[in-house]
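A.B. asks: Take this structure first; my questions come after.
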Amino acid sequence: MKLPPLTAFRYFDLAARSESFVRAAEQLHVTHGAVSRQVRLLEESLGLELFERRNRAVFLTRAGRELHGTTQAIFEQLESTVQRLQQQTDDKVLVVSCEPTIAMRWLIPRLPRLHAAHPDLQLHLVAAGGPVDFARAGVDMALRRDDFHWDRRLHSLKICEEWIGPVAAAGFDGQRLLHSMTRPDAWSTWLRLSGHPAEHKERSDFEHFYLSIQAASAGLGLAMASALMVGDELDNGQLQAPFGFLRDGSSYHLLSPHPLDDGSKRQRFAQWVGAECQAHLAHLGLLQNDDPAPPSPPQVR
């Protein structure tokens, strides 16, 4: 099937974003009539009505909304890729895909140390989780927890093991449990590994892991947290971890389609991340070569 010209899709995409040919014309620096003609040519080529025209206004049809969902994603990805390519004037730019929670709560606060250690390394951070298509996403490396199966042809490096435990701002008796959709088994896993009995308790649910941790910081309850993601709050007293942390059997890995030990920017970043993780866990007294030995605190009520 021969697709209509890309120009027609671009004119349509901008018109669809605002449902206005006038505003699209302003962004494209063309006339209103030029936008209208390109959209009409696209409709004729597809044999579909993409806009409903009434009273000098335009509204997306069902087909128009469906097509716009695709064109918007394509043009945003194209713009992002072009911008990234223009920024990559040398081999010092490293594009890293990182899970949102660890990116916001652990990696970003430590980036000044990365810049101090490697001032010539430019990090472009992309927040994403789960499987990654390196070619399509345009990333060099991905920092992931091994809660999914990745292509074993990828090069991987284990950074550290995951340590989890309940945290709250203050007062743990009678607190509601804060759950997250992105880690739905976090509480059940900890209860099983720690040996604490599960008792009925009020709960609140959040879409993301980092939201449940933020809710705990706001005093809304007891959240299950990764030791990596709450170390700073434990240090400044904003959060407390009365039951300590234990390993849940998962771990964090750096993934790359290219070797991680070739002396490149990837190896430099991998070494830095690994050292930071080890230092963080050592600061919390969590020695990875020891068997987890959780304390015997009061029961979770």
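Here's how to read the names in the structure tokens: chain A, B, ... by the order shown, residue numbers from 1 in each chain, ligand numbers from 1 in the order shown.
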Run DSSP on the backbone and tell me which residues of segment 54-238 of chain A come out as alpha helix (DSSP H); list them as a ChimeraX atom specification.

C.D. replies: /A:62-87,100-102,108-117,134-137,186-194,209-217,227-236

A.B. asks: List the neighbours of Ser188 of chain A out to 12 Å using only C-alpha atoms; skip same-chain residues closer than 5 positions along the sequence, and give me the result as a PyMOL selection string.

C.D. replies: chain A and resi 164-166+177+179+183+193-199+224+248

A.B. asks: Could you give me, as a PDB file with C-alpha atoms, in the first residue's frame, the residues within 12 Å of Pro5 of chain A, counting only C-alpha atoms and dropping anything in the same chain fewer than 2 positions from it?

C.D. replies:
ATOM      1  CA  LYS A   2       1.356   3.401  -0.983  1.00  0.00           C
ATOM      2  CA  LEU A   3       1.027   5.920   1.826  1.00  0.00           C
ATOM      3  CA  THR A   7       3.545  16.463   4.516  1.00  0.00           C
ATOM      4  CA  ALA A   8      -0.163  15.672   4.539  1.00  0.00           C
ATOM      5  CA  PHE A   9       0.197  13.680   7.748  1.00  0.00           C
ATOM      6  CA  ARG A  10       2.157  16.532   9.345  1.00  0.00           C
ATOM      7  CA  TYR A  11      -0.494  19.102   8.460  1.00  0.00           C
ATOM      8  CA  PHE A  12      -3.198  16.760   9.723  1.00  0.00           C
ATOM      9  CA  GLN A  38      -3.524  19.076   2.623  1.00  0.00           C
ATOM     10  CA  VAL A  39      -6.082  17.605   5.011  1.00  0.00           C
ATOM     11  CA  LEU A  41      -5.974  15.458   0.024  1.00  0.00           C
ATOM     12  CA  LEU A  42      -5.241  13.093   2.909  1.00  0.00           C
ATOM     13  CA  GLU A  43      -8.933  12.329   3.390  1.00  0.00           C
ATOM     14  CA  SER A  45      -6.318   9.411  -0.389  1.00  0.00           C
ATOM     15  CA  LEU A  46      -7.515   7.375   2.607  1.00  0.00           C
TER      16      LEU A  46
END

A.B. asks: Near Leu239 of chain A, within 9 Å and counting only C-alpha atoms, which residues show up once chain neighbours fewer than 5 positions away are dropped, as a list in words?

C.D. replies: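 Within the cut-off, the hits are Val167, Ala168, Ala169, Ala170, Ala216, Ser217, Val230, Gly231, Asp232, Glu233 and Leu234 of chain A.
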
A.B. asks: When you count only C-alpha atoms, which of these residues is closest to Leu246 of chain A: A:Leu222, A:Arg266, A:Arg62, A:Thr189?

C.D. replies: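 With only C-alpha atoms as the atom set, the closest residue is A:Thr189.
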
A.B. asks: Please provide the set of residues having any atom within 12 Å of Val139 of chain A, restricted to only C-alpha atoms, with same-chain residues fewer than 3 positions apart removed, written as a list in words.

C.D. replies: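 Those residues are Ser80, Thr81, Arg84, Leu85, Val93, Leu94, Val95, Val96, Ser97, Cys98, Leu123, His124, Leu125, Val126, Ala127, Ala128, Val132, Asp133, Phe134, Ala135, Arg136, Ala142, Leu143, Leu255, Ser256, Pro257, His258 and Arg266 of chain A.
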
A.B. asks: Using only C-alpha atoms, which residues sit within 12 Å of His115 of chain A once same-chain residues fewer than 5 positions away are excluded, as a PDB file with all heavy atoms, in the first residue's frame?

C.D. replies:
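And here's part27.pdb as it stands now:
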ATOM      1  N   LYS A  92      30.376  11.374  23.867  1.00  0.00           N
ATOM      2  CA  LYS A  92      30.267  11.590  25.304  1.00  0.00           C
ATOM      3  C   LYS A  92      28.816  11.597  25.782  1.00  0.00           C
ATOM      4  O   LYS A  92      28.569  11.633  26.975  1.00  0.00           O
ATOM      5  CB  LYS A  92      30.941  12.910  25.697  1.00  0.00           C
ATOM      6  CG  LYS A  92      32.398  13.017  25.278  1.00  0.00           C
ATOM      7  CD  LYS A  92      33.249  11.881  25.813  1.00  0.00           C
ATOM      8  CE  LYS A  92      34.701  12.034  25.400  1.00  0.00           C
ATOM      9  NZ  LYS A  92      35.540  10.906  25.843  1.00  0.00           N
ATOM     10  N   ILE A 108      18.715  10.593  39.989  1.00  0.00           N
ATOM     11  CA  ILE A 108      18.795  12.033  39.733  1.00  0.00           C
ATOM     12  C   ILE A 108      19.460  12.789  40.884  1.00  0.00           C
ATOM     13  O   ILE A 108      20.314  13.654  40.643  1.00  0.00           O
ATOM     14  CB  ILE A 108      17.398  12.601  39.416  1.00  0.00           C
ATOM     15  CG1 ILE A 108      16.935  12.097  38.043  1.00  0.00           C
ATOM     16  CG2 ILE A 108      17.403  14.126  39.442  1.00  0.00           C
ATOM     17  CD1 ILE A 108      15.520  12.512  37.670  1.00  0.00           C
ATOM     18  N   PRO A 109      19.137  12.498  42.167  1.00  0.00           N
ATOM     19  CA  PRO A 109      19.829  13.213  43.245  1.00  0.00           C
ATOM     20  C   PRO A 109      21.346  12.975  43.266  1.00  0.00           C
ATOM     21  O   PRO A 109      22.084  13.762  43.874  1.00  0.00           O
ATOM     22  CB  PRO A 109      19.175  12.650  44.520  1.00  0.00           C
ATOM     23  CG  PRO A 109      17.822  12.193  44.069  1.00  0.00           C
ATOM     24  CD  PRO A 109      18.038  11.656  42.694  1.00  0.00           C
ATOM     25  N   ARG A 110      21.811  11.919  42.604  1.00  0.00           N
ATOM     26  CA  ARG A 110      23.244  11.607  42.608  1.00  0.00           C
ATOM     27  C   ARG A 110      23.970  12.051  41.339  1.00  0.00           C
ATOM     28  O   ARG A 110      25.175  11.856  41.216  1.00  0.00           O
ATOM     29  CB  ARG A 110      23.432  10.102  42.829  1.00  0.00           C
ATOM     30  CG  ARG A 110      23.185   9.717  44.278  1.00  0.00           C
ATOM     31  CD  ARG A 110      22.867   8.256  44.491  1.00  0.00           C
ATOM     32  NE  ARG A 110      22.678   8.022  45.916  1.00  0.00           N
ATOM     33  CZ  ARG A 110      21.561   8.342  46.585  1.00  0.00           C
ATOM     34  NH1 ARG A 110      20.539   8.871  45.938  1.00  0.00           N
ATOM     35  NH2 ARG A 110      21.468   8.134  47.885  1.00  0.00           N
ATOM     36  N   ASP A 120      33.014  15.126  31.464  1.00  0.00           N
ATOM     37  CA  ASP A 120      32.858  15.112  30.012  1.00  0.00           C
ATOM     38  C   ASP A 120      31.717  14.226  29.544  1.00  0.00           C
ATOM     39  O   ASP A 120      31.386  14.205  28.365  1.00  0.00           O
ATOM     40  CB  ASP A 120      34.156  14.638  29.353  1.00  0.00           C
ATOM     41  CG  ASP A 120      34.528  13.226  29.780  1.00  0.00           C
ATOM     42  OD1 ASP A 120      34.203  12.857  30.929  1.00  0.00           O
ATOM     43  OD2 ASP A 120      35.137  12.488  28.976  1.00  0.00           O
ATOM     44  N   LEU A 121      31.094  13.489  30.471  1.00  0.00           N
ATOM     45  CA  LEU A 121      30.025  12.567  30.115  1.00  0.00           C
ATOM     46  C   LEU A 121      28.674  13.270  30.236  1.00  0.00           C
ATOM     47  O   LEU A 121      28.306  13.756  31.302  1.00  0.00           O
ATOM     48  CB  LEU A 121      30.048  11.344  31.034  1.00  0.00           C
ATOM     49  CG  LEU A 121      29.141  10.174  30.660  1.00  0.00           C
ATOM     50  CD1 LEU A 121      29.494   9.622  29.293  1.00  0.00           C
ATOM     51  CD2 LEU A 121      29.229   9.077  31.711  1.00  0.00           C
ATOM     52  N   GLN A 122      27.947  13.321  29.123  1.00  0.00           N
ATOM     53  CA  GLN A 122      26.637  13.962  29.109  1.00  0.00           C
ATOM     54  C   GLN A 122      25.553  12.883  29.171  1.00  0.00           C
ATOM     55  O   GLN A 122      25.465  12.055  28.266  1.00  0.00           O
ATOM     56  CB  GLN A 122      26.471  14.800  27.850  1.00  0.00           C
ATOM     57  CG  GLN A 122      27.526  15.877  27.673  1.00  0.00           C
ATOM     58  CD  GLN A 122      27.391  16.574  26.333  1.00  0.00           C
ATOM     59  OE1 GLN A 122      26.289  16.886  25.890  1.00  0.00           O
ATOM     60  NE2 GLN A 122      28.515  16.814  25.675  1.00  0.00           N
ATOM     61  N   LEU A 123      24.766  12.914  30.227  1.00  0.00           N
ATOM     62  CA  LEU A 123      23.732  11.897  30.419  1.00  0.00           C
ATOM     63  C   LEU A 123      22.384  12.415  29.940  1.00  0.00           C
ATOM     64  O   LEU A 123      21.934  13.488  30.336  1.00  0.00           O
ATOM     65  CB  LEU A 123      23.641  11.512  31.891  1.00  0.00           C
ATOM     66  CG  LEU A 123      22.672  10.357  32.207  1.00  0.00           C
ATOM     67  CD1 LEU A 123      23.194   9.051  31.633  1.00  0.00           C
ATOM     68  CD2 LEU A 123      22.468  10.230  33.719  1.00  0.00           C
ATOM     69  N   ARG A 268      32.103   3.205  31.779  1.00  0.00           N
ATOM     70  CA  ARG A 268      32.332   4.249  32.783  1.00  0.00           C
ATOM     71  C   ARG A 268      31.077   4.474  33.613  1.00  0.00           C
ATOM     72  O   ARG A 268      31.134   4.581  34.844  1.00  0.00           O
ATOM     73  CB  ARG A 268      32.763   5.538  32.094  1.00  0.00           C
ATOM     74  CG  ARG A 268      34.113   5.448  31.395  1.00  0.00           C
ATOM     75  CD  ARG A 268      34.341   6.606  30.453  1.00  0.00           C
ATOM     76  NE  ARG A 268      34.306   7.878  31.147  1.00  0.00           N
ATOM     77  CZ  ARG A 268      34.190   9.050  30.538  1.00  0.00           C
ATOM     78  NH1 ARG A 268      34.062   9.104  29.214  1.00  0.00           N
ATOM     79  NH2 ARG A 268      34.174  10.167  31.228  1.00  0.00           N
ATOM     80  N   PHE A 269      29.929   4.534  32.940  1.00  0.00           N
ATOM     81  CA  PHE A 269      28.680   4.741  33.675  1.00  0.00           C
ATOM     82  C   PHE A 269      28.357   3.527  34.533  1.00  0.00           C
ATOM     83  O   PHE A 269      27.925   3.667  35.684  1.00  0.00           O
ATOM     84  CB  PHE A 269      27.544   5.009  32.698  1.00  0.00           C
ATOM     85  CG  PHE A 269      26.210   5.238  33.361  1.00  0.00           C
ATOM     86  CD1 PHE A 269      25.938   6.442  33.995  1.00  0.00           C
ATOM     87  CD2 PHE A 269      25.234   4.245  33.365  1.00  0.00           C
ATOM     88  CE1 PHE A 269      24.708   6.663  34.616  1.00  0.00           C
ATOM     89  CE2 PHE A 269      24.012   4.451  33.984  1.00  0.00           C
ATOM     90  CZ  PHE A 269      23.749   5.661  34.607  1.00  0.00           C
ATOM     91  N   TRP A 272      30.410   3.527  37.649  1.00  0.00           N
ATOM     92  CA  TRP A 272      29.957   4.570  38.581  1.00  0.00           C
ATOM     93  C   TRP A 272      28.668   4.160  39.280  1.00  0.00           C
ATOM     94  O   TRP A 272      28.552   4.285  40.512  1.00  0.00           O
ATOM     95  CB  TRP A 272      29.752   5.890  37.834  1.00  0.00           C
ATOM     96  CG  TRP A 272      29.233   6.985  38.714  1.00  0.00           C
ATOM     97  CD1 TRP A 272      29.958   7.782  39.549  1.00  0.00           C
ATOM     98  CD2 TRP A 272      27.859   7.353  38.887  1.00  0.00           C
ATOM     99  NE1 TRP A 272      29.119   8.643  40.223  1.00  0.00           N
ATOM    100  CE2 TRP A 272      27.834   8.402  39.832  1.00  0.00           C
ATOM    101  CE3 TRP A 272      26.668   6.908  38.317  1.00  0.00           C
ATOM    102  CZ2 TRP A 272      26.635   9.007  40.234  1.00  0.00           C
ATOM    103  CZ3 TRP A 272      25.485   7.508  38.719  1.00  0.00           C
ATOM    104  CH2 TRP A 272      25.469   8.548  39.666  1.00  0.00           C
TER     105      TRP A 272
END

A.B. asks: Quick one: distance from atom CA of Thr70 of chain A to atom CA of Arg145 of chain A in Å, one decimal?

C.D. replies: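 Answer for the atom CA of Thr70 of chain A to atom CA of Arg145 of chain A separation: 29.6 Å.
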
A.B. asks: Leaving out Pro184 of chain A and any residue of its chain fewer than 4 positions from it, which residues lie within 12 Å of it when counting only C-alpha atoms, given as a PDB file with C-alpha atoms, in the first residue's frame?

C.D. replies:
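Saved to out26.pdb:
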ATOM      1  CA  LEU A 178       0.054   1.780  51.107  1.00  0.00           C
ATOM      2  CA  HIS A 179       0.076  -0.421  47.993  1.00  0.00           C
ATOM      3  CA  SER A 180       1.119   0.280  44.407  1.00  0.00           C
ATOM      4  CA  SER A 188       2.868 -10.123  50.400  1.00  0.00           C
ATOM      5  CA  THR A 189       6.501 -10.827  49.501  1.00  0.00           C
ATOM      6  CA  TRP A 190       7.811  -8.976  52.528  1.00  0.00           C
ATOM      7  CA  ASP A 205      -3.684   2.049  46.515  1.00  0.00           C
ATOM      8  CA  PHE A 206      -1.479   4.117  44.230  1.00  0.00           C
ATOM      9  CA  GLU A 207      -0.646   3.606  40.584  1.00  0.00           C
ATOM     10  CA  HIS A 208       3.135   3.870  40.921  1.00  0.00           C
ATOM     11  CA  PHE A 209       5.667   2.681  43.488  1.00  0.00           C
ATOM     12  CA  SER A 212       3.150   5.147  47.605  1.00  0.00           C
ATOM     13  CA  ALA A 223       4.607   1.935  52.448  1.00  0.00           C
ATOM     14  CA  MET A 224       6.751  -0.905  51.198  1.00  0.00           C
TER      15      MET A 224
END

A.B. asks: Can you tell me how far atom CA of Leu28 of chain A sits from atom CA of Leu6 of chain A, in Å to one decimal?

C.D. replies: 14.2 Å

A.B. asks: Provide the atom CA of Ser20 of chain A to atom CA of Arg53 of chain A distance in Å, to one decimal place.

C.D. replies: 10.5 Å

A.B. asks: Looking only at the backbone, which of the residues in segment 62-211 of chain A does DSSP tag as strand (DSSP E or B), as a VMD selection string?

C.D. replies: chain A and resid 93 to 98 122 to 127 141 to 145 155 to 168 177 to 180 203 to 206

A.B. asks: For the selection just defined, write its residues with C-alpha atoms to a file, as a PDB file, in the first residue's frame.

C.D. replies:
ATOM      1  CA  VAL A  93      26.448  11.589  25.238  1.00  0.00           C
ATOM      2  CA  LEU A  94      24.962   8.556  26.979  1.00  0.00           C
ATOM      3  CA  VAL A  95      21.238   7.877  26.678  1.00  0.00           C
ATOM      4  CA  VAL A  96      20.019   5.825  29.653  1.00  0.00           C
ATOM      5  CA  SER A  97      16.529   4.433  30.141  1.00  0.00           C
ATOM      6  CA  CYS A  98      15.720   4.082  33.826  1.00  0.00           C
ATOM      7  CA  GLN A 122      26.637  13.962  29.109  1.00  0.00           C
ATOM      8  CA  LEU A 123      23.732  11.897  30.419  1.00  0.00           C
ATOM      9  CA  HIS A 124      20.385  11.929  28.625  1.00  0.00           C
ATOM     10  CA  LEU A 125      17.896  10.255  30.979  1.00  0.00           C
ATOM     11  CA  VAL A 126      14.709   8.583  29.751  1.00  0.00           C
ATOM     12  CA  ALA A 127      12.126   7.375  32.294  1.00  0.00           C
ATOM     13  CA  MET A 141      21.633   1.428  28.222  1.00  0.00           C
ATOM     14  CA  ALA A 142      18.708   0.546  30.471  1.00  0.00           C
ATOM     15  CA  LEU A 143      18.642   0.248  34.259  1.00  0.00           C
ATOM     16  CA  ARG A 144      16.018  -2.327  35.183  1.00  0.00           C
ATOM     17  CA  ARG A 145      14.907  -4.598  38.014  1.00  0.00           C
ATOM     18  CA  HIS A 155      24.700  -7.649  27.567  1.00  0.00           C
ATOM     19  CA  SER A 156      23.756  -7.362  31.234  1.00  0.00           C
ATOM     20  CA  LEU A 157      25.539  -6.429  34.429  1.00  0.00           C
ATOM     21  CA  LYS A 158      24.085  -7.012  37.893  1.00  0.00           C
ATOM     22  CA  ILE A 159      24.387  -3.799  39.866  1.00  0.00           C
ATOM     23  CA  CYS A 160      22.943  -4.778  43.234  1.00  0.00           C
ATOM     24  CA  GLU A 161      20.256  -6.793  44.919  1.00  0.00           C
ATOM     25  CA  GLU A 162      16.923  -5.330  45.951  1.00  0.00           C
ATOM     26  CA  TRP A 163      16.292  -4.751  49.647  1.00  0.00           C
ATOM     27  CA  ILE A 164      12.754  -3.925  50.760  1.00  0.00           C
ATOM     28  CA  GLY A 165      11.067  -2.928  54.004  1.00  0.00           C
ATOM     29  CA  PRO A 166       8.160  -0.884  55.370  1.00  0.00           C
ATOM     30  CA  VAL A 167       8.684   2.838  55.906  1.00  0.00           C
ATOM     31  CA  ALA A 168       6.550   5.582  57.410  1.00  0.00           C
ATOM     32  CA  LEU A 177      -0.840  -0.062  54.300  1.00  0.00           C
ATOM     33  CA  LEU A 178       0.054   1.780  51.107  1.00  0.00           C
ATOM     34  CA  HIS A 179       0.076  -0.421  47.993  1.00  0.00           C
ATOM     35  CA  SER A 180       1.119   0.280  44.407  1.00  0.00           C
ATOM     36  CA  ARG A 203      -5.179   0.117  52.739  1.00  0.00           C
ATOM     37  CA  SER A 204      -4.711   2.776  50.089  1.00  0.00           C
ATOM     38  CA  ASP A 205      -3.684   2.049  46.515  1.00  0.00           C
ATOM     39  CA  PHE A 206      -1.479   4.117  44.230  1.00  0.00           C
TER      40      PHE A 206
END
